[in-house]
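Remarks on the structure that follows.
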Amino acid sequence: LAKKYEQDYLVKQNLSSTYLLRSMRFAIERNWMMEQLEKARKIEQHLAYHDVLTGLPNRQLFQDRLDQILKQAIRREKMVSILSIDLDGFKRINDTLGHRIGDHILKIMSQRLKSCIRKSDTVARQGGDEFIIILNEIGNEKHAITVAKKILTSLVEPINIDHHICRLTCSIGISLYPSDGQTASNLVKHAEIAMHRAKKQGRNTYQLYNLSMDAEALERLELENNLHTAIERREFKLLYQPKLNLTNGRIEGVEALIRWNHPTLGRISPNKFIPLAEETGLIEQLGEWVLHSACIHAKSLIQEGFPGIRFSVNLSNKQFRNKHLHEMIEQILNKTGLPPEHLGLEITESSVMKDVSYTIKVLRKLKEKGIKIFIDDFGTGYSSLSYLKKLPIDVLKIDRSFLEGVPEDKENKSISSAIIFLAHNLGMQVVAEGVETPRQLSFLRSMRCNYIQGFLFSKPLDFEDLKLLLKEYRNI
């Protein structure tokens with residue numbers, strides 16, 4: 001009996017110990033879970049108000065802080081400044097080096113921006129390569145300008161990553177409270193307008209907002225809205241600038257140039273609407289229309305007895321990088337019935353050099369069909385000669401800037417001579433564009449330049465006038 005009591009006692013003791021252990025374990029686990037939940041809550045709260053990549057405040061937190069700062073500024077009668085910052089050419093970094101390196105650069109730029117401001121100020125990431133800064137309680141606009149200059153100096157410092165040295169500049173727009181706006185939305189909008197003006201001024205600079213910028217922004221918005229419907233309304237037309245063969249004196253090619261005649265705004269310069277089309281993504285639709293229209297005209301000339309004219313069309317960088325470019329060109333050639341050897345494609349030097357291996361594949365595919373490849377604005381894109389010799393190029397076009405003042409301008413004369421010599425030694429032909437004086441023509445003849453185009457010979461012509469000129473030269 002004593003032994004049985006002893007066993008029962010031990011069982012009870014074990015049960016008590018087990019219960020105690022389980023209770024302790026439950027309490028520990030509950031505390032751990034509460035700690036983890038609190039950590040998760042803090043992480044969730046941080047993510048809700050901060051950019052995941054850079055750790056900077058996001059739009060929402062920026063807006064909250066700006067609202068609070070403006071309320072204080074009203075009470076204390078203090079000045080506040082907004083700086084809108086956009087990295088220049090960041091897309092090129094992503095396209096060439098990849099998003100991993102691009103993300104790393106954004107982190108570095110974020111830290112550099114933080115180092116340029118006080119603890120009482122705020123720097124936030126707006127998205128992509130756009131940042132925005134609140135300068136709290138400043139004495140005058142000079143303070144904002146000083147910070148802007150400090151940012152320009154800091155951000156331009158080279159970044160060495162994965163054996164690549166990257167240098168990025170930025171464009172900065174500055175707005176001031178209360179002179180440039182009384183509300184947060186107006187201050188941000190005006191800073192962004194000033195930033196876009198800084199980009200137009202050549203980038204790597206800052207601009208203070210002024211009222212005249214509003215009119216420019218409204219004009220741009222109106223132009224963008226009109227651009228969307230201009231193709232449907234048939235407001236665009238093509239002009240053709242002839243290319244004269246200096247050896248035989250014949251017109252052997254023309255360059256298609258797009259023009260926009262708006263019913264109320266009148267003639268709109270390509271320098272205005274082409275960049276806008278690129279920004280809005282309409283450039284591909286516009287480029288396809290140009291190519292299709294030029295091919296129709298080229299086919300019409302063949303049918304009218306002008307078989308030796310090659311029509312060249314400019315391709316934007318976005319068009320050239322489109323993976324369906326070859327199919328689109330083939331469809332247009334099939335639809336219009338134009339033989340491929342009557343088509344030339346003009347591509348800028350900078351577009352060609354962005355991804356050389358991709359470029360070589362695309363150009364070879366086009367050349368196999370008989371399409372001629374022109375490199376436009378040669379000499380402005382800093383291309384590598386080692387790559388240039390590998391590219392399947394037919395013609396180099398000397399940029400018009402290198403013919404200014406020739407032959408009196410010794411530097412431009414040397415550059416033009418070098419381009420012609422280089423092209424001929426690589427088995428390419430040369431077109432000089434922007435030829436306007438007899439002395440330029442005489443110089444180009446002496447250098448054995450193959451073709452010229454410019455006002456000295458002919459201005460851009462509409463299709464009917466082009467046919468008249470071709471008939472005239474056929475009779476010579």
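Just remember, in the structure tokens the first chain shown is A, the second B, etc., residues are 1-based per chain, and ligands are 1-based in the order shown.
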- request: Write down as a PyMOL selection string the residues of region 71-291 of chain A whose backbone DSSP state falls under alpha helix (DSSP H).
  value: chain A and resi 71-76+90-97+99-115+141-155+184-200+212-230+270-280+283-291
- prompt: Any idea what's packed within 12 Å of Ser154 (chain A), counting only C-alpha atoms, ignoring anything in its chain fewer than 5 positions away? Could you give it as an MDAnalysis selection string?
  reply: chainID A and resid 108:117 147:149 159 167:170 204
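Counting only C-alpha atoms and comparing A:Asn248, A:Asn226, A:Ser458, A:Gln453, the residue that lies closest to Thr264 (chain A) is A:Asn226.
Neighbouring residues of Leu333 (chain A) at 9 Å or closer, counting only C-alpha atoms and skipping chain neighbours under 5 positions away, are His292, Cys295, Met328, Leu338, Pro339 and Pro340 of chain A.
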query: Nearest to Glu141 (chain A) among A:Ile283, A:Ala198, A:Leu87, A:Leu208, with distances taken over only C-alpha atoms: which residue is it?
result: A:Leu208
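Counting only C-alpha atoms, the residue from A:Ala256, A:Ile347, A:Leu315, A:Ala418 that sits nearest to His297 (chain A) is A:Ala256.
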Find the nearest atom pair between each residue of region 118-219 of chain A and region 60-71 of chain A for residues within 12 Å, count only C-alpha atoms, give distances in Å to one decimal, sort rows by chain and ascending number, and present the table as a tab-separated table.
```
residue	atom	partner	partner_atom	distance
A:Ser120	CA	A:Ile69	CA	10.0
A:Asp121	CA	A:Arg65	CA	9.7
A:Thr122	CA	A:Phe62	CA	7.5
A:Val123	CA	A:Phe62	CA	8.0
A:Ala124	CA	A:Phe62	CA	6.2
A:Arg125	CA	A:Phe62	CA	8.7
A:Gln126	CA	A:Phe62	CA	9.0
A:Gly127	CA	A:Gln60	CA	11.9
A:Phe131	CA	A:Phe62	CA	10.6
A:Ile132	CA	A:Phe62	CA	8.6
A:Ile133	CA	A:Phe62	CA	8.7
A:Ile134	CA	A:Leu66	CA	7.1
A:Leu135	CA	A:Ile69	CA	9.5
A:Asn136	CA	A:Ile69	CA	6.9
A:Glu137	CA	A:Ile69	CA	8.4
A:Ile138	CA	A:Ile69	CA	11.8
A:Leu176	CA	A:Leu70	CA	11.3
A:Tyr177	CA	A:Leu70	CA	8.3
A:Pro178	CA	A:Leu70	CA	9.4
A:Gly181	CA	A:Leu70	CA	10.9
A:Gln182	CA	A:Leu70	CA	8.5
A:Thr183	CA	A:Leu70	CA	8.0
A:Ala184	CA	A:Asp67	CA	6.6
A:Ser185	CA	A:Gln63	CA	9.1
A:Asn186	CA	A:Leu66	CA	11.9
A:Leu187	CA	A:Leu66	CA	10.0
A:Val188	CA	A:Leu66	CA	9.9
```
Based on the selection just made, write N, CA and C atoms of those residues as a PDB file, in the first residue's frame.
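Ended up saving to out-v8.pdb:
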```pdb
ATOM      1  N   SER A 120      16.367  68.690 -40.100  1.00  0.00           N
ATOM      2  CA  SER A 120      15.001  69.215 -40.107  1.00  0.00           C
ATOM      3  C   SER A 120      14.366  69.181 -41.490  1.00  0.00           C
ATOM      4  N   ASP A 121      15.172  68.909 -42.526  1.00  0.00           N
ATOM      5  CA  ASP A 121      14.666  68.827 -43.893  1.00  0.00           C
ATOM      6  C   ASP A 121      14.257  67.392 -44.221  1.00  0.00           C
ATOM      7  N   THR A 122      13.603  67.211 -45.346  1.00  0.00           N
ATOM      8  CA  THR A 122      13.134  65.880 -45.767  1.00  0.00           C
ATOM      9  C   THR A 122      13.480  65.637 -47.221  1.00  0.00           C
ATOM     10  N   VAL A 123      14.053  64.465 -47.491  1.00  0.00           N
ATOM     11  CA  VAL A 123      14.235  64.034 -48.869  1.00  0.00           C
ATOM     12  C   VAL A 123      13.420  62.760 -49.058  1.00  0.00           C
ATOM     13  N   ALA A 124      12.625  62.710 -50.130  1.00  0.00           N
ATOM     14  CA  ALA A 124      11.752  61.566 -50.395  1.00  0.00           C
ATOM     15  C   ALA A 124      11.959  61.105 -51.833  1.00  0.00           C
ATOM     16  N   ARG A 125      11.646  59.858 -52.060  1.00  0.00           N
ATOM     17  CA  ARG A 125      11.692  59.332 -53.428  1.00  0.00           C
ATOM     18  C   ARG A 125      10.277  59.353 -53.998  1.00  0.00           C
ATOM     19  N   GLN A 126      10.135  60.014 -55.153  1.00  0.00           N
ATOM     20  CA  GLN A 126       8.839  60.124 -55.804  1.00  0.00           C
ATOM     21  C   GLN A 126       8.530  58.902 -56.663  1.00  0.00           C
ATOM     22  N   GLY A 127       9.569  58.152 -57.011  1.00  0.00           N
ATOM     23  CA  GLY A 127       9.403  57.002 -57.896  1.00  0.00           C
ATOM     24  C   GLY A 127      10.413  57.083 -59.018  1.00  0.00           C
ATOM     25  N   PHE A 131      13.325  62.455 -57.188  1.00  0.00           N
ATOM     26  CA  PHE A 131      13.375  62.705 -55.751  1.00  0.00           C
ATOM     27  C   PHE A 131      12.803  64.099 -55.482  1.00  0.00           C
ATOM     28  N   ILE A 132      12.414  64.328 -54.229  1.00  0.00           N
ATOM     29  CA  ILE A 132      11.883  65.646 -53.867  1.00  0.00           C
ATOM     30  C   ILE A 132      12.326  65.978 -52.447  1.00  0.00           C
ATOM     31  N   ILE A 133      12.643  67.244 -52.230  1.00  0.00           N
ATOM     32  CA  ILE A 133      13.192  67.681 -50.938  1.00  0.00           C
ATOM     33  C   ILE A 133      12.354  68.837 -50.388  1.00  0.00           C
ATOM     34  N   ILE A 134      12.119  68.801 -49.064  1.00  0.00           N
ATOM     35  CA  ILE A 134      11.518  69.940 -48.356  1.00  0.00           C
ATOM     36  C   ILE A 134      12.625  70.600 -47.547  1.00  0.00           C
ATOM     37  N   LEU A 135      12.870  71.875 -47.806  1.00  0.00           N
ATOM     38  CA  LEU A 135      13.787  72.660 -46.981  1.00  0.00           C
ATOM     39  C   LEU A 135      12.938  73.468 -46.009  1.00  0.00           C
ATOM     40  N   ASN A 136      13.026  73.122 -44.740  1.00  0.00           N
ATOM     41  CA  ASN A 136      12.133  73.674 -43.720  1.00  0.00           C
ATOM     42  C   ASN A 136      12.697  74.965 -43.127  1.00  0.00           C
ATOM     43  N   GLU A 137      11.862  75.990 -43.084  1.00  0.00           N
ATOM     44  CA  GLU A 137      12.206  77.261 -42.436  1.00  0.00           C
ATOM     45  C   GLU A 137      13.552  77.815 -42.898  1.00  0.00           C
ATOM     46  N   ILE A 138      13.595  78.271 -44.144  1.00  0.00           N
ATOM     47  CA  ILE A 138      14.811  78.882 -44.681  1.00  0.00           C
ATOM     48  C   ILE A 138      14.681  80.406 -44.629  1.00  0.00           C
ATOM     49  N   LEU A 176       9.204  78.164 -53.977  1.00  0.00           N
ATOM     50  CA  LEU A 176       9.311  78.767 -52.643  1.00  0.00           C
ATOM     51  C   LEU A 176       7.932  79.093 -52.079  1.00  0.00           C
ATOM     52  N   TYR A 177       7.746  78.779 -50.799  1.00  0.00           N
ATOM     53  CA  TYR A 177       6.540  79.211 -50.087  1.00  0.00           C
ATOM     54  C   TYR A 177       6.893  80.484 -49.337  1.00  0.00           C
ATOM     55  N   PRO A 178       6.094  81.531 -49.415  1.00  0.00           N
ATOM     56  CA  PRO A 178       4.743  81.590 -49.997  1.00  0.00           C
ATOM     57  C   PRO A 178       4.686  82.175 -51.412  1.00  0.00           C
ATOM     58  N   GLY A 181       3.450  79.631 -54.259  1.00  0.00           N
ATOM     59  CA  GLY A 181       2.271  78.810 -54.003  1.00  0.00           C
ATOM     60  C   GLY A 181       1.940  78.767 -52.531  1.00  0.00           C
ATOM     61  N   GLN A 182       0.647  78.649 -52.237  1.00  0.00           N
ATOM     62  CA  GLN A 182       0.182  78.619 -50.853  1.00  0.00           C
ATOM     63  C   GLN A 182      -0.151  77.199 -50.397  1.00  0.00           C
ATOM     64  N   THR A 183      -0.286  76.286 -51.351  1.00  0.00           N
ATOM     65  CA  THR A 183      -0.664  74.910 -51.010  1.00  0.00           C
ATOM     66  C   THR A 183       0.449  73.941 -51.388  1.00  0.00           C
ATOM     67  N   ALA A 184       0.400  72.767 -50.776  1.00  0.00           N
ATOM     68  CA  ALA A 184       1.412  71.733 -51.044  1.00  0.00           C
ATOM     69  C   ALA A 184       1.397  71.326 -52.513  1.00  0.00           C
ATOM     70  N   SER A 185       0.202  71.122 -53.073  1.00  0.00           N
ATOM     71  CA  SER A 185       0.107  70.649 -54.457  1.00  0.00           C
ATOM     72  C   SER A 185       0.681  71.671 -55.436  1.00  0.00           C
ATOM     73  N   ASN A 186       0.404  72.963 -55.199  1.00  0.00           N
ATOM     74  CA  ASN A 186       0.931  74.000 -56.078  1.00  0.00           C
ATOM     75  C   ASN A 186       2.447  74.104 -55.991  1.00  0.00           C
ATOM     76  N   LEU A 187       2.980  74.001 -54.791  1.00  0.00           N
ATOM     77  CA  LEU A 187       4.437  74.089 -54.609  1.00  0.00           C
ATOM     78  C   LEU A 187       5.144  72.940 -55.320  1.00  0.00           C
ATOM     79  N   VAL A 188       4.603  71.730 -55.184  1.00  0.00           N
ATOM     80  CA  VAL A 188       5.204  70.568 -55.842  1.00  0.00           C
ATOM     81  C   VAL A 188       5.092  70.699 -57.354  1.00  0.00           C
TER      82      VAL A 188
END
```
message: Based on the backbone DSSP call, show me all residues of region 71-100 of chain A assigned strand (DSSP E or B), as a list in words.
response: Met79, Val80, Ser81, Ile82, Leu83, Ser84, Ile85, Asp86, Leu87 and Asp88 of chain A
query: Can you tell me, as number ranges by chain, what residues are no more than 8 Å from region 393-406 of chain A when counting only C-alpha atoms, ignoring any on the same chain fewer than 2 positions away?
result: A: 363, 372-380, 391, 408-410, 412-413, 415-416, 419, 423, 427-435, 439-440, 443
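Atom pair CA of Leu276 (chain A) / CA of Lys199 (chain A): separated by 13.3 Å.
For the pair CA of Tyr206 (chain A) and CA of His190 (chain A), the separation is 13.2 Å.
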Given only C-alpha atoms as the counted atoms, nearest of A:Met195, A:Ile93, A:Ile85, A:Leu286 to Glu232 (chain A): A:Leu286
Just the residues within 12 Å of Asp214 (chain A), please, counting only C-alpha atoms, with nothing from its chain fewer than 4 positions along; format it as an mmCIF file with all heavy atoms, in the first residue's frame.
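Wrote part.cif, looks like this:
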```
data_model
loop_
_atom_site.group_PDB
_atom_site.id
_atom_site.type_symbol
_atom_site.label_atom_id
_atom_site.label_comp_id
_atom_site.auth_asym_id
_atom_site.auth_seq_id
_atom_site.Cartn_x
_atom_site.Cartn_y
_atom_site.Cartn_z
ATOM 1 N N ASP A 180 5.645 81.243 -54.437
ATOM 2 C CA ASP A 180 5.327 80.398 -55.599
ATOM 3 C C ASP A 180 4.119 79.502 -55.391
ATOM 4 O O ASP A 180 3.794 78.678 -56.255
ATOM 5 C CB ASP A 180 6.538 79.526 -55.961
ATOM 6 C CG ASP A 180 7.727 80.339 -56.416
ATOM 7 O OD1 ASP A 180 7.505 81.452 -56.933
ATOM 8 O OD2 ASP A 180 8.869 79.888 -56.238
ATOM 9 N N ASN A 186 0.404 72.963 -55.199
ATOM 10 C CA ASN A 186 0.931 74.000 -56.078
ATOM 11 C C ASN A 186 2.447 74.104 -55.991
ATOM 12 O O ASN A 186 3.133 74.285 -56.999
ATOM 13 C CB ASN A 186 0.308 75.357 -55.756
ATOM 14 C CG ASN A 186 -1.016 75.553 -56.462
ATOM 15 O OD1 ASN A 186 -1.306 74.865 -57.438
ATOM 16 N ND2 ASN A 186 -1.833 76.466 -55.966
ATOM 17 N N LYS A 189 3.916 71.090 -57.840
ATOM 18 C CA LYS A 189 3.717 71.245 -59.282
ATOM 19 C C LYS A 189 4.679 72.275 -59.863
ATOM 20 O O LYS A 189 5.290 72.045 -60.914
ATOM 21 C CB LYS A 189 2.271 71.656 -59.558
ATOM 22 C CG LYS A 189 1.960 71.821 -61.054
ATOM 23 C CD LYS A 189 0.519 72.257 -61.284
ATOM 24 C CE LYS A 189 0.347 73.716 -60.957
ATOM 25 N NZ LYS A 189 -0.989 74.233 -61.334
ATOM 26 N N HIS A 190 4.837 73.386 -59.179
ATOM 27 C CA HIS A 190 5.707 74.452 -59.690
ATOM 28 C C HIS A 190 7.179 74.048 -59.639
ATOM 29 O O HIS A 190 7.959 74.427 -60.526
ATOM 30 C CB HIS A 190 5.467 75.745 -58.900
ATOM 31 C CG HIS A 190 4.114 76.325 -59.160
ATOM 32 N ND1 HIS A 190 3.517 77.243 -58.314
ATOM 33 C CD2 HIS A 190 3.226 76.123 -60.175
ATOM 34 C CE1 HIS A 190 2.327 77.570 -58.802
ATOM 35 N NE2 HIS A 190 2.135 76.903 -59.923
ATOM 36 N N ALA A 191 7.563 73.273 -58.626
ATOM 37 C CA ALA A 191 8.942 72.772 -58.577
ATOM 38 C C ALA A 191 9.206 71.817 -59.741
ATOM 39 O O ALA A 191 10.284 71.831 -60.353
ATOM 40 C CB ALA A 191 9.201 72.075 -57.239
ATOM 41 N N GLU A 192 8.218 70.986 -60.065
ATOM 42 C CA GLU A 192 8.366 70.048 -61.186
ATOM 43 C C GLU A 192 8.439 70.789 -62.521
ATOM 44 O O GLU A 192 9.211 70.404 -63.415
ATOM 45 C CB GLU A 192 7.206 69.048 -61.187
ATOM 46 C CG GLU A 192 7.287 68.044 -60.052
ATOM 47 C CD GLU A 192 6.084 67.115 -59.992
ATOM 48 O OE1 GLU A 192 5.088 67.396 -60.702
ATOM 49 O OE2 GLU A 192 6.137 66.124 -59.233
ATOM 50 N N ILE A 193 7.641 71.845 -62.671
ATOM 51 C CA ILE A 193 7.693 72.650 -63.898
ATOM 52 C C ILE A 193 9.081 73.270 -64.056
ATOM 53 O O ILE A 193 9.668 73.266 -65.143
ATOM 54 C CB ILE A 193 6.603 73.744 -63.863
ATOM 55 C CG1 ILE A 193 5.219 73.114 -64.049
ATOM 56 C CG2 ILE A 193 6.854 74.794 -64.946
ATOM 57 C CD1 ILE A 193 4.066 74.089 -63.854
ATOM 58 N N ALA A 194 9.632 73.791 -62.953
ATOM 59 C CA ALA A 194 10.965 74.383 -62.994
ATOM 60 C C ALA A 194 12.028 73.328 -63.308
ATOM 61 O O ALA A 194 13.009 73.608 -64.009
ATOM 62 C CB ALA A 194 11.273 75.062 -61.656
ATOM 63 N N HIS A 196 11.617 70.635 -65.197
ATOM 64 C CA HIS A 196 11.560 70.370 -66.634
ATOM 65 C C HIS A 196 12.231 71.484 -67.433
ATOM 66 O O HIS A 196 12.858 71.233 -68.460
ATOM 67 C CB HIS A 196 10.110 70.177 -67.079
ATOM 68 C CG HIS A 196 9.517 68.869 -66.662
ATOM 69 N ND1 HIS A 196 9.979 67.656 -67.134
ATOM 70 C CD2 HIS A 196 8.510 68.570 -65.793
ATOM 71 C CE1 HIS A 196 9.282 66.671 -66.598
ATOM 72 N NE2 HIS A 196 8.393 67.197 -65.772
ATOM 73 N N ARG A 197 12.122 72.709 -66.950
ATOM 74 C CA ARG A 197 12.820 73.811 -67.603
ATOM 75 C C ARG A 197 14.342 73.615 -67.485
ATOM 76 O O ARG A 197 15.080 73.873 -68.438
ATOM 77 C CB ARG A 197 12.402 75.141 -66.976
ATOM 78 C CG ARG A 197 13.251 76.334 -67.411
ATOM 79 C CD ARG A 197 13.157 76.626 -68.895
ATOM 80 N NE ARG A 197 11.861 77.128 -69.269
ATOM 81 C CZ ARG A 197 11.521 78.420 -69.247
ATOM 82 N NH1 ARG A 197 12.398 79.331 -68.851
ATOM 83 N NH2 ARG A 197 10.320 78.790 -69.623
ATOM 84 N N TYR A 209 11.411 78.577 -60.082
ATOM 85 C CA TYR A 209 10.112 78.713 -60.740
ATOM 86 C C TYR A 209 9.776 80.178 -60.960
ATOM 87 O O TYR A 209 10.067 81.040 -60.130
ATOM 88 C CB TYR A 209 9.025 78.054 -59.893
ATOM 89 C CG TYR A 209 7.629 78.361 -60.391
ATOM 90 C CD1 TYR A 209 7.106 77.676 -61.477
ATOM 91 C CD2 TYR A 209 6.859 79.364 -59.791
ATOM 92 C CE1 TYR A 209 5.833 77.974 -61.948
ATOM 93 C CE2 TYR A 209 5.595 79.655 -60.254
ATOM 94 C CZ TYR A 209 5.092 78.966 -61.335
ATOM 95 O OH TYR A 209 3.850 79.268 -61.806
ATOM 96 N N ASN A 210 9.153 80.471 -62.122
ATOM 97 C CA ASN A 210 8.545 81.784 -62.330
ATOM 98 C C ASN A 210 7.250 81.596 -63.120
ATOM 99 O O ASN A 210 7.027 80.555 -63.742
ATOM 100 C CB ASN A 210 9.496 82.770 -63.017
ATOM 101 C CG ASN A 210 9.893 82.312 -64.402
ATOM 102 O OD1 ASN A 210 9.048 82.148 -65.284
ATOM 103 N ND2 ASN A 210 11.187 82.076 -64.598
ATOM 104 N N LEU A 218 1.375 74.837 -69.993
ATOM 105 C CA LEU A 218 0.047 74.730 -70.612
ATOM 106 C C LEU A 218 0.159 74.504 -72.117
ATOM 107 O O LEU A 218 -0.594 73.733 -72.704
ATOM 108 C CB LEU A 218 -0.767 75.994 -70.325
ATOM 109 C CG LEU A 218 -1.312 76.137 -68.894
ATOM 110 C CD1 LEU A 218 -1.902 77.518 -68.686
ATOM 111 C CD2 LEU A 218 -2.349 75.059 -68.599
ATOM 112 N N GLU A 219 1.124 75.195 -72.736
ATOM 113 C CA GLU A 219 1.345 75.015 -74.173
ATOM 114 C C GLU A 219 1.768 73.575 -74.467
ATOM 115 O O GLU A 219 1.308 72.953 -75.428
ATOM 116 C CB GLU A 219 2.431 75.977 -74.658
ATOM 117 C CG GLU A 219 2.716 75.866 -76.151
ATOM 118 C CD GLU A 219 3.940 76.645 -76.572
ATOM 119 O OE1 GLU A 219 4.580 77.291 -75.722
ATOM 120 O OE2 GLU A 219 4.279 76.599 -77.773
ATOM 121 N N ARG A 220 2.637 73.046 -73.606
ATOM 122 C CA ARG A 220 3.100 71.669 -73.786
ATOM 123 C C ARG A 220 1.947 70.677 -73.640
ATOM 124 O O ARG A 220 1.837 69.719 -74.401
ATOM 125 C CB ARG A 220 4.199 71.355 -72.766
ATOM 126 C CG ARG A 220 4.855 69.998 -72.963
ATOM 127 C CD ARG A 220 5.882 69.757 -71.874
ATOM 128 N NE ARG A 220 6.578 68.511 -72.077
ATOM 129 C CZ ARG A 220 6.114 67.317 -71.746
ATOM 130 N NH1 ARG A 220 4.911 67.211 -71.199
ATOM 131 N NH2 ARG A 220 6.814 66.215 -71.970
ATOM 132 N N LEU A 221 1.065 70.916 -72.656
ATOM 133 C CA LEU A 221 -0.076 70.036 -72.438
ATOM 134 C C LEU A 221 -1.018 70.079 -73.642
ATOM 135 O O LEU A 221 -1.514 69.043 -74.100
ATOM 136 C CB LEU A 221 -0.817 70.454 -71.167
ATOM 137 C CG LEU A 221 -2.042 69.619 -70.780
ATOM 138 C CD1 LEU A 221 -1.638 68.170 -70.530
ATOM 139 C CD2 LEU A 221 -2.718 70.202 -69.545
#
```
- prompt: How far is it from CA of Asp103 (chain A) to CA of Ile151 (chain A), in Å with one decimal?
  reply: 19.3 Å
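Of the listed residues A:Gly308, A:Gly128, A:Gly173, A:Gly202, the one whose atoms come nearest to Ala144 (chain A) is A:Gly173, with distances taken using only C-alpha atoms.
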field: For Gly305 (chain A), the nearest of the candidates A:Ile145, A:Val356, A:Leu470, A:Leu257, counting only C-alpha atoms
entry: A:Leu470
